[in-house]
$ cat query_22.cif   # mmCIF, C-alpha atoms
data_model
loop_
_atom_site.label_atom_id
_atom_site.label_comp_id
_atom_site.auth_asym_id
_atom_site.auth_seq_id
_atom_site.Cartn_x
_atom_site.Cartn_y
_atom_site.Cartn_z
CA MET A 1 -240.78 -4.57 74.16
CA THR A 2 -244.38 -5.67 73.91
CA GLU A 3 -245.87 -7.09 77.11
CA THR A 4 -248.19 -10.07 76.84
CA VAL A 5 -250.55 -10.77 79.73
CA HIS A 6 -251.45 -14.41 80.40
CA ALA A 7 -254.25 -14.29 82.90
CA ALA A 8 -254.53 -17.01 85.57
CA GLU A 9 -251.61 -18.95 84.11
CA THR A 10 -250.38 -21.81 86.30
CA VAL A 11 -246.70 -22.62 86.80
CA GLU A 12 -247.21 -25.82 84.80
CA GLN A 13 -248.72 -23.86 81.91
CA PHE A 14 -245.88 -21.34 82.09
CA ASP A 15 -243.30 -24.17 82.07
CA ALA A 16 -244.92 -25.63 78.97
CA ARG A 17 -245.01 -22.26 77.22
CA ILE A 18 -241.36 -21.35 77.83
CA GLY A 19 -240.38 -24.88 76.85
CA GLN A 20 -241.43 -23.90 73.32
CA ASP A 21 -238.82 -21.13 73.56
CA ASN A 22 -236.17 -23.70 74.58
CA MET A 23 -236.07 -22.38 78.15
CA ILE A 24 -236.62 -24.02 81.51
CA GLY A 25 -237.19 -22.63 84.99
CA GLN A 26 -234.55 -23.29 87.62
CA TRP A 27 -237.28 -24.27 90.08
CA THR A 28 -237.83 -27.49 88.14
CA PHE A 29 -234.39 -28.70 89.30
CA GLU A 30 -235.22 -28.51 93.00
CA PRO A 31 -236.24 -32.20 93.23
CA LEU A 32 -232.95 -33.19 91.56
CA LEU A 33 -230.91 -31.04 93.94
CA ASN A 34 -232.74 -32.45 96.95
CA SER A 35 -232.17 -36.00 95.73
CA VAL A 36 -228.36 -35.62 95.92
CA ILE A 37 -228.23 -34.32 99.47
CA GLY A 38 -225.63 -36.68 100.95
CA GLY A 39 -223.92 -37.25 97.62
CA PRO A 40 -224.53 -38.88 94.24
CA ARG A 41 -226.13 -42.26 93.79
CA PRO A 42 -223.62 -44.79 92.41
CA LEU A 43 -223.94 -45.04 88.64
CA GLY A 44 -223.86 -48.79 88.09
CA VAL A 45 -223.56 -51.74 90.45
CA GLY A 46 -220.78 -53.86 91.84
CA TYR A 47 -220.31 -56.83 89.53
CA VAL A 48 -217.86 -59.66 88.79
CA TRP A 49 -217.22 -61.17 85.35
CA PRO A 50 -215.84 -64.71 85.88
CA TRP A 51 -212.71 -65.56 83.93
CA GLN A 52 -213.90 -68.97 82.77
CA LEU A 53 -217.02 -67.50 81.20
CA ALA A 54 -215.16 -64.56 79.64
CA ARG A 55 -212.47 -66.82 78.16
CA GLN A 56 -215.09 -69.20 76.75
CA ARG A 57 -217.08 -66.38 75.15
CA LEU A 58 -213.88 -64.91 73.74
CA GLU A 59 -213.04 -68.22 72.07
CA GLU A 60 -216.57 -68.43 70.67
CA ALA A 61 -216.30 -64.87 69.35
CA SER A 62 -213.03 -65.78 67.62
CA GLN A 63 -214.72 -68.68 65.88
CA ALA A 64 -217.72 -66.55 64.91
CA LEU A 65 -215.52 -63.84 63.37
CA GLY A 66 -213.60 -66.38 61.35
CA PRO A 67 -210.09 -65.94 59.95
CA ALA A 68 -207.53 -63.75 61.69
CA GLY A 69 -207.68 -60.16 60.54
CA VAL A 70 -211.42 -60.10 59.83
CA GLY A 71 -212.12 -57.99 62.90
CA ARG A 72 -210.70 -57.15 66.28
CA CYS A 73 -211.97 -59.84 68.63
CA ASN A 74 -212.82 -57.87 71.73
CA LEU A 75 -215.61 -58.30 74.30
CA THR A 76 -216.49 -55.35 76.57
CA PHE A 77 -217.81 -55.90 80.09
CA GLN A 78 -221.05 -53.91 80.42
CA ASN A 79 -222.24 -52.97 83.88
CA PRO A 80 -225.85 -54.21 84.27
CA GLY A 81 -226.67 -51.19 86.43
CA ILE A 82 -225.85 -48.64 83.71
CA GLU A 83 -228.67 -47.90 81.29
CA ARG A 84 -227.41 -44.82 79.47
CA MET A 85 -225.12 -45.06 76.44
CA PRO A 86 -222.33 -45.85 76.06
CA LYS A 87 -222.68 -48.77 78.44
CA GLY A 88 -219.31 -49.34 80.05
CA THR A 89 -217.87 -51.27 82.95
CA THR A 90 -218.24 -48.09 85.01
CA HIS A 91 -219.69 -44.78 83.84
CA THR A 92 -216.20 -43.61 82.73
CA ILE A 93 -214.21 -46.81 82.14
CA SER A 94 -214.78 -49.57 79.60
CA ALA A 95 -212.91 -52.81 80.30
CA GLY A 96 -213.00 -56.08 78.44
CA VAL A 97 -210.90 -58.87 77.00
CA GLN A 98 -209.31 -59.13 73.57
CA ILE A 99 -207.79 -62.11 71.83
CA MET A 100 -205.18 -61.93 69.09
CA ARG A 101 -205.16 -65.11 67.05
CA ALA A 102 -202.05 -66.91 65.81
CA HIS A 103 -200.05 -64.90 63.24
CA GLU A 104 -202.54 -62.04 63.42
CA VAL A 105 -201.88 -58.31 63.02
CA CYS A 106 -204.54 -55.93 64.35
CA TRP A 107 -204.45 -52.91 62.07
CA SER A 108 -202.93 -49.59 63.04
CA HIS A 109 -205.17 -46.74 64.18
CA ARG A 110 -205.44 -44.04 66.82
CA HIS A 111 -208.18 -42.36 68.82
CA SER A 112 -208.69 -39.72 71.48
CA MET A 113 -209.63 -42.38 74.04
CA SER A 114 -206.66 -43.36 76.19
CA ALA A 115 -206.16 -47.12 76.42
CA LEU A 116 -204.08 -49.67 78.27
CA ARG A 117 -203.47 -53.38 77.94
CA PHE A 118 -202.84 -55.76 80.84
CA VAL A 119 -201.57 -59.01 79.31
CA ILE A 120 -203.27 -62.18 80.52
CA GLU A 121 -201.84 -64.72 78.08
CA GLY A 122 -198.65 -63.39 76.51
CA HIS A 123 -195.52 -64.34 74.62
CA PRO A 124 -192.08 -62.68 74.41
CA GLU A 125 -192.38 -62.36 70.62
CA ALA A 126 -195.84 -60.75 70.61
CA TYR A 127 -195.91 -56.98 70.80
CA THR A 128 -197.96 -53.82 70.56
CA ALA A 129 -196.47 -51.00 68.49
CA VAL A 130 -197.23 -47.58 70.00
CA ASP A 131 -196.06 -44.46 68.13
CA GLY A 132 -193.19 -46.45 66.61
CA GLU A 133 -192.21 -48.22 69.85
CA GLU A 134 -192.20 -52.03 69.95
CA LEU A 135 -193.58 -53.06 73.36
CA ASN A 136 -193.46 -56.79 74.00
CA MET A 137 -196.43 -58.54 75.58
CA GLU A 138 -195.46 -61.02 78.29
CA GLN A 139 -197.87 -62.25 80.94
CA PHE A 140 -199.12 -59.53 83.30
CA ASP A 141 -197.16 -56.75 81.57
CA LEU A 142 -198.93 -53.38 81.46
CA ILE A 143 -198.75 -51.50 78.15
CA LEU A 144 -199.94 -47.92 77.73
CA THR A 145 -201.56 -46.50 74.61
CA PRO A 146 -202.00 -42.80 75.42
CA ARG A 147 -204.65 -40.74 73.68
CA PHE A 148 -204.16 -40.32 69.92
CA SER A 149 -201.16 -42.66 69.76
CA TRP A 150 -200.79 -44.88 66.70
CA HIS A 151 -201.07 -48.49 67.82
CA ASP A 152 -201.24 -51.93 66.23
CA HIS A 153 -200.88 -55.41 67.72
CA HIS A 154 -198.68 -58.20 66.35
CA ASN A 155 -198.68 -61.92 67.08
CA PRO A 156 -195.99 -63.72 65.04
CA THR A 157 -196.44 -66.89 67.14
CA GLY A 158 -198.66 -69.92 66.74
CA GLN A 159 -200.50 -69.35 70.03
CA GLU A 160 -203.26 -66.98 71.11
CA ILE A 161 -202.52 -63.74 72.94
CA VAL A 162 -205.13 -62.41 75.38
CA TRP A 163 -205.23 -59.16 77.32
CA LEU A 164 -207.47 -56.97 79.45
CA ASP A 165 -208.40 -53.90 77.42
CA VAL A 166 -209.24 -50.72 79.36
CA LEU A 167 -210.28 -47.36 77.85
CA ASP A 168 -211.76 -44.10 79.15
CA ILE A 169 -214.61 -44.25 76.63
CA GLY A 170 -217.37 -43.11 78.98
CA LEU A 171 -215.41 -40.04 80.02
CA THR A 172 -214.41 -39.14 76.47
CA MET A 173 -217.97 -39.50 75.22
CA ALA A 174 -219.35 -37.50 78.16
CA VAL A 175 -217.30 -34.47 77.10
CA ASN A 176 -218.10 -35.18 73.44
CA ALA A 177 -214.46 -35.48 72.36
CA PRO A 178 -214.22 -38.73 70.37
CA PHE A 179 -211.70 -38.76 67.50
CA TYR A 180 -210.65 -41.77 65.43
CA GLU A 181 -208.30 -42.32 62.48
CA THR A 182 -206.80 -45.32 60.71
CA TYR A 183 -203.17 -45.30 59.62
CA GLY A 184 -203.94 -46.76 56.18
CA GLN A 185 -201.83 -49.90 56.54
CA ASP A 186 -201.85 -52.77 59.01
CA SER A 187 -198.52 -51.74 60.55
CA GLN A 188 -196.96 -48.40 61.37
CA PRO A 189 -193.21 -47.84 60.89
CA LEU A 190 -191.08 -48.65 63.92
CA ARG A 191 -188.24 -46.51 65.25
CA PRO A 192 -184.93 -47.41 63.59
CA GLY A 193 -183.09 -48.18 66.82
CA ALA A 194 -183.00 -48.14 70.61
CA ALA A 195 -181.25 -44.76 70.65
CA GLU A 196 -184.55 -43.11 69.63
CA SER A 197 -186.69 -45.06 72.07
CA GLN A 198 -188.99 -43.01 74.28
CA PRO A 199 -189.41 -45.81 76.85
CA LEU A 200 -185.61 -45.88 77.19
CA ARG A 201 -185.67 -42.18 78.06
CA ALA A 202 -188.76 -42.07 80.25
CA GLY A 203 -188.34 -45.44 81.92
CA HIS A 204 -184.76 -45.00 83.05
CA TRP A 205 -182.96 -42.66 85.42
CA LEU A 206 -180.28 -41.99 82.77
CA ARG A 207 -181.61 -39.54 80.16
CA PRO A 208 -180.13 -37.38 77.39
CA ALA A 209 -178.94 -34.09 78.85
CA TRP A 210 -179.38 -32.25 75.53
CA GLU A 211 -183.05 -33.16 75.00
CA ARG A 212 -186.23 -31.63 76.34
CA PRO A 213 -187.94 -34.49 78.23
CA ARG A 214 -191.50 -35.52 77.47
CA HIS A 215 -193.91 -35.66 80.38
CA SER A 216 -197.11 -36.98 78.84
CA ARG A 217 -198.40 -39.37 76.17
CA LEU A 218 -195.61 -41.80 77.01
CA PRO A 219 -195.76 -45.20 75.23
CA LEU A 220 -194.60 -47.41 78.08
CA ARG A 221 -194.37 -51.04 79.10
CA TYR A 222 -194.30 -51.89 82.80
CA LYS A 223 -192.80 -55.39 82.99
CA TRP A 224 -194.45 -57.79 85.41
CA SER A 225 -191.03 -59.21 86.32
CA ASP A 226 -190.09 -55.76 87.63
CA VAL A 227 -193.40 -55.38 89.47
CA VAL A 228 -192.96 -58.71 91.28
CA GLN A 229 -189.51 -57.67 92.50
CA VAL A 230 -190.96 -54.49 94.02
CA LEU A 231 -193.89 -56.33 95.60
CA ASP A 232 -191.50 -58.84 97.13
CA ALA A 233 -189.29 -56.01 98.43
CA TYR A 234 -192.21 -54.70 100.52
CA GLY A 235 -192.29 -58.04 102.29
CA ASP A 236 -195.04 -58.25 104.91
CA SER A 237 -195.99 -54.58 104.67
CA PRO A 238 -199.80 -54.51 104.98
CA GLY A 239 -200.30 -51.20 103.18
CA ASP A 240 -203.38 -49.38 104.41
CA GLN A 241 -206.52 -50.63 106.11
CA TYR A 242 -208.71 -50.05 103.06
CA GLU A 243 -206.85 -51.18 99.93
CA GLY A 244 -204.03 -53.29 101.34
CA LEU A 245 -200.58 -52.85 99.78
CA ALA A 246 -201.53 -50.64 96.81
CA LEU A 247 -198.69 -49.51 94.54
CA GLN A 248 -199.18 -47.01 91.71
CA TYR A 249 -197.80 -47.48 88.22
CA VAL A 250 -196.54 -43.90 88.18
CA ASN A 251 -195.52 -41.78 85.23
CA PRO A 252 -191.73 -42.28 85.47
CA VAL A 253 -190.97 -38.69 84.47
CA THR A 254 -193.43 -36.77 86.66
CA GLY A 255 -194.07 -39.30 89.42
CA GLY A 256 -197.78 -38.60 88.88
CA PRO A 257 -200.63 -40.89 87.81
CA THR A 258 -200.19 -43.49 85.09
CA MET A 259 -202.23 -41.46 82.60
CA SER A 260 -204.09 -38.16 82.73
CA THR A 261 -207.48 -39.87 82.99
CA MET A 262 -206.70 -43.28 84.49
CA ASP A 263 -204.44 -44.45 87.29
CA CYS A 264 -203.23 -48.06 87.53
CA TRP A 265 -202.40 -49.90 90.74
CA VAL A 266 -201.17 -53.33 91.68
CA GLN A 267 -202.62 -54.43 95.02
CA GLN A 268 -201.63 -57.17 97.41
CA LEU A 269 -203.94 -58.37 100.15
CA ALA A 270 -202.20 -60.39 102.84
CA PRO A 271 -203.78 -63.67 104.00
CA GLY A 272 -206.69 -62.87 106.29
CA PHE A 273 -206.89 -59.23 105.12
CA ALA A 274 -210.30 -57.69 105.84
CA GLY A 275 -210.40 -54.16 104.47
CA ARG A 276 -212.52 -51.42 106.01
CA ALA A 277 -215.44 -50.16 103.94
CA HIS A 278 -214.90 -46.85 102.16
CA ARG A 279 -216.10 -44.96 99.11
CA ARG A 280 -214.82 -42.37 96.67
CA THR A 281 -216.38 -40.15 94.02
CA SER A 282 -214.20 -42.09 91.56
CA SER A 283 -214.95 -45.51 90.04
CA SER A 284 -212.65 -48.46 89.38
CA ILE A 285 -212.24 -51.91 87.88
CA GLY A 286 -210.07 -54.73 89.17
CA PHE A 287 -208.52 -57.81 87.55
CA VAL A 288 -207.55 -60.63 89.90
CA ILE A 289 -204.03 -61.81 89.10
CA SER A 290 -203.84 -64.52 91.76
CA GLY A 291 -205.55 -65.69 94.91
CA HIS A 292 -209.16 -65.95 96.06
CA GLY A 293 -211.18 -63.43 98.01
CA SER A 294 -214.22 -61.21 97.73
CA ILE A 295 -215.33 -57.64 97.31
CA GLU A 296 -218.39 -56.31 99.10
CA VAL A 297 -220.15 -53.48 97.23
CA GLU A 298 -223.10 -51.71 98.84
CA GLY A 299 -223.71 -54.70 101.10
CA LYS A 300 -223.47 -57.37 98.39
CA VAL A 301 -220.58 -59.85 98.71
CA LEU A 302 -219.04 -60.85 95.37
CA PRO A 303 -216.48 -63.70 95.50
CA PHE A 304 -213.59 -63.59 93.03
CA GLY A 305 -210.69 -65.75 91.85
CA PRO A 306 -207.82 -65.62 89.34
CA GLY A 307 -208.74 -63.97 86.04
CA ASP A 308 -212.01 -62.48 87.27
CA THR A 309 -212.76 -58.80 86.61
CA TYR A 310 -214.88 -56.67 88.94
CA ALA A 311 -216.41 -53.19 88.82
CA VAL A 312 -216.81 -50.65 91.63
CA PRO A 313 -219.19 -47.76 90.77
CA ASN A 314 -218.55 -44.20 91.85
CA TYR A 315 -219.40 -43.34 95.46
CA ALA A 316 -220.31 -46.92 96.34
CA TRP A 317 -219.26 -48.35 99.70
CA TYR A 318 -216.90 -51.29 99.15
CA SER A 319 -214.38 -53.42 100.98
CA LEU A 320 -211.90 -56.12 99.97
CA ARG A 321 -211.23 -59.44 101.70
CA ASN A 322 -208.71 -62.23 101.43
CA ASP A 323 -210.01 -65.36 103.14
CA SER A 324 -207.31 -67.64 101.71
CA GLU A 325 -203.89 -68.62 103.01
CA GLU A 326 -202.02 -66.98 100.12
CA PRO A 327 -201.72 -63.32 99.09
CA VAL A 328 -204.31 -61.96 96.68
CA ARG A 329 -202.86 -59.82 93.90
CA ILE A 330 -205.06 -57.44 91.89
CA PHE A 331 -204.44 -55.12 88.97
CA SER A 332 -206.82 -52.17 89.26
CA VAL A 333 -207.66 -49.10 87.18
CA HIS A 334 -209.16 -45.92 88.66
CA ASP A 335 -210.55 -42.74 87.08
CA ILE A 336 -209.14 -40.75 90.01
CA PRO A 337 -206.92 -38.40 87.91
CA ALA A 338 -209.89 -37.17 85.87
CA ILE A 339 -212.06 -36.63 88.94
CA GLN A 340 -209.21 -34.85 90.73
CA ALA A 341 -208.62 -32.58 87.73
CA LEU A 342 -212.25 -31.48 87.99
CA GLY A 343 -211.84 -30.77 91.71
CA LEU A 344 -214.54 -33.34 92.53
CA PHE A 345 -212.54 -36.06 94.27
CA TYR A 346 -213.85 -36.91 97.73
CA GLU A 347 -213.43 -39.89 100.06
CA GLU A 348 -215.30 -41.28 103.05
CA PRO A 349 -214.91 -41.99 105.92
CA GLU A 350 -211.52 -40.24 105.65
CA PRO A 351 -208.93 -39.20 103.07
CA THR A 352 -206.68 -42.14 102.16
CA LEU A 353 -204.98 -41.24 98.89
CA HIS A 354 -201.44 -39.99 99.65
CA ALA A 355 -202.60 -39.19 103.18
CA THR A 356 -199.91 -41.03 105.18
CA PRO A 357 -196.43 -39.48 105.59
CA ALA A 358 -193.51 -41.32 104.03
CA PRO A 359 -191.03 -43.02 106.43
CA GLN A 360 -188.90 -40.42 108.16
CA VAL A 361 -185.12 -40.31 108.49
CA PRO A 362 -184.28 -42.88 111.20
CA ALA A 363 -181.46 -40.89 112.78
CA GLN A 364 -182.54 -38.13 115.16
CA PRO A 365 -180.03 -35.88 116.98
CA LEU A 366 -179.01 -37.18 120.39
CA HIS A 367 -178.29 -33.66 121.55
CA PRO A 368 -180.42 -31.28 119.41
CA VAL A 369 -178.72 -28.06 118.34
CA TYR A 370 -181.28 -26.87 115.80
CA ARG A 371 -185.07 -26.98 115.64
CA PRO A 372 -186.42 -30.45 114.70
CA ALA A 373 -187.44 -29.58 111.11
CA ALA A 374 -184.35 -27.55 110.24
CA MET A 375 -183.24 -27.93 106.60
CA LEU A 376 -185.98 -30.48 105.84
CA ASP A 377 -188.44 -30.18 102.98
CA GLY A 378 -192.12 -29.86 103.65
CA ASP A 379 -192.94 -33.32 102.35
CA GLU A 380 -190.63 -34.80 105.00
CA THR A 381 -192.45 -33.28 107.96
CA ARG A 382 -196.14 -33.60 107.09
#
$ encode --input "query_22.cif" --output "structure tokens"
Amino acid sequence: MTETVHAAETVEQFDARIGQDNMIGQWTFEPLLNSVIGGPRPLGVGYVWPWQLARQRLEEASQALGPAGVGRCNLTFQNPGIERMPKGTTHTISAGVQIMRAHEVCWSHRHSMSALRFVIEGHPEAYTAVDGEELNMEQFDLILTPRFSWHDHHNPTGQEIVWLDVLDIGLTMAVNAPFYETYGQDSQPLRPGAAESQPLRAGHWLRPAWERPRHSRLPLRYKWSDVVQVLDAYGDSPGDQYEGLALQYVNPVTGGPTMSTMDCWVQQLAPGFAGRAHRRTSSSIGFVISGHGSIEVEGKVLPFGPGDTYAVPNYAWYSLRNDSEEPVRIFSVHDIPAIQALGLFYEEPEPTLHATPAPQVPAQPLHPVYRPAAMLDGDETR
């Protein structure tokens, strides 16, 4: 090896020289490391997209595109605090609204981005086809389109269908794993009958004993009518002091998060609810189903009402309020599963996710014979 002597070379000159060799000194990262003492800066800002404005712009977009079938009429909410591409609603999640015009079919395709649809204006005859499953689109239903699932949307009615569209585009692009493919026709073939339905298997507690169950990439529809029954069953339960009554749309087979990269919740804030401020290394978006309230993000109070969509950046302090005399109901999407899978999920001022023990067995022995936790599972005693 030939040694080359560079007399009186400064660090800056050395940095410039090794830059030509596509190298960089670790010492140049010290300012970056020092800047994140105390945690990351939120990527994006808290923001609310009002429903009236979004619905108006969606109608204008439909008119600009022209006849049904010319193009998918979808508007994405871009966070004004995010400058890097792709600009999403948070740095991992892209949310927006899509309209399907009367008698329209949105052509079949698939992609590596996971997607979900929360129906805002629906109809019992409208549906999304996902991997051969016909999933009807009634108001406030949640429909999953897992990664690389064939999907196309159908509106055989004379009215418009509108939904909240949510995808993990920012996350997928960050790991450079975007894939896309069209089916080649507007519609994919549907399953021949209910006996082959995956939602029937996954969404019910009766399942074929001879089959190997699927645990992931489940094309599912969570009916709003079922969700309301569960919310009502909780009665006056306040939930926790941060998020109110927050219920997960769990994977019905595993009991885990809704999807591998995104978790969906329905939240209910009781009248007068004033949530404590907290923050997580995850980000989220919320769609207000009903009621009026506000979300405070990093000290800025953002009022919201029915149909509004809001964004909460990662590691931003936020709190929810309900100042009205009726419950506030919110559909929210969180990138928690992806952050947890990386081992980077953290909460302040305390852990809240799955931190509270479930209700214990009411009956306790009047005259104990065995130790208190005898024959109980660990998840019953924590």
$ resolve_selection --input "query_22.cif" --expression "the PyMOL selection byres ((chain A and resi 36-47) around 7)" --output "list in words"
Leu32, Leu33, Asn34, Ser35, Val48, Trp49, Asn79, Pro80, Gly81, Ile82, Thr90, His91, Val297, Tyr310, Ala311, Val312, Pro313, Asn314, Tyr315 and Ala316 of chain A
$ residues_around --input "query_22.cif" --residues "Tyr346 in chain A" --least-positions-apart "2" --cutoff "8 Å" --atoms "all atoms listed in the file" --output "PyMOL selection string"
chain A and resi 280-281+344+348+351
$ resolve_selection --input "query_22.cif" --expression "the PyMOL selection byres ((chain A and resi 321) around 9)" --output "list in words"
Leu269, Pro271, Gly272, Phe273, Ala274, Gly275, His292, Gly293, Ser294, Ile295, Glu296, Ser319, Leu320, Asn322, Asp323 and Val328 of chain A
$ write_last_selection --input "query_22.cif" --atoms "C-alpha atoms" --output "PDB file, in the coordinates of the input"
ATOM      1  CA  LEU A 269    -203.940 -58.370 100.150  1.00  0.00           C
ATOM      2  CA  PRO A 271    -203.780 -63.670 104.000  1.00  0.00           C
ATOM      3  CA  GLY A 272    -206.690 -62.870 106.290  1.00  0.00           C
ATOM      4  CA  PHE A 273    -206.890 -59.230 105.120  1.00  0.00           C
ATOM      5  CA  ALA A 274    -210.300 -57.690 105.840  1.00  0.00           C
ATOM      6  CA  GLY A 275    -210.400 -54.160 104.470  1.00  0.00           C
ATOM      7  CA  HIS A 292    -209.160 -65.950  96.060  1.00  0.00           C
ATOM      8  CA  GLY A 293    -211.180 -63.430  98.010  1.00  0.00           C
ATOM      9  CA  SER A 294    -214.220 -61.210  97.730  1.00  0.00           C
ATOM     10  CA  ILE A 295    -215.330 -57.640  97.310  1.00  0.00           C
ATOM     11  CA  GLU A 296    -218.390 -56.310  99.100  1.00  0.00           C
ATOM     12  CA  SER A 319    -214.380 -53.420 100.980  1.00  0.00           C
ATOM     13  CA  LEU A 320    -211.900 -56.120  99.970  1.00  0.00           C
ATOM     14  CA  ASN A 322    -208.710 -62.230 101.430  1.00  0.00           C
ATOM     15  CA  ASP A 323    -210.010 -65.360 103.140  1.00  0.00           C
ATOM     16  CA  VAL A 328    -204.310 -61.960  96.680  1.00  0.00           C
TER      17      VAL A 328
END
$ atom_distance --input "query_22.cif" --atom1 "CA of Tyr180 in chain A" --atom2 "CA of Val130 in chain A"
15.3 Å
$ resolve_selection --input "query_22.cif" --expression "the PyMOL selection byres ((chain A and resi 352) around 10)" --output "list in words"
Asp240, Gln241, Tyr242, Glu243, His278, Arg280, Tyr346, Glu347, Glu348, Pro349, Glu350, Pro351, Leu353, His354, Ala355 and Thr356 of chain A
$ atom_distance --input "query_22.cif" --atom1 "CA of Cys106 in chain A" --atom2 "CA of Gly71 in chain A"
8.0 Å
$ closest_residue --input "query_22.cif" --among "A:Ile169, A:Ala195, A:Val253, A:Val369" --to "Pro213 in chain A" --atoms "all atoms listed in the file"
A:Val253
$ atom_distance --input "query_22.cif" --atom1 "CA of Phe140 in chain A" --atom2 "CA of Ile289 in chain A"
7.9 Å
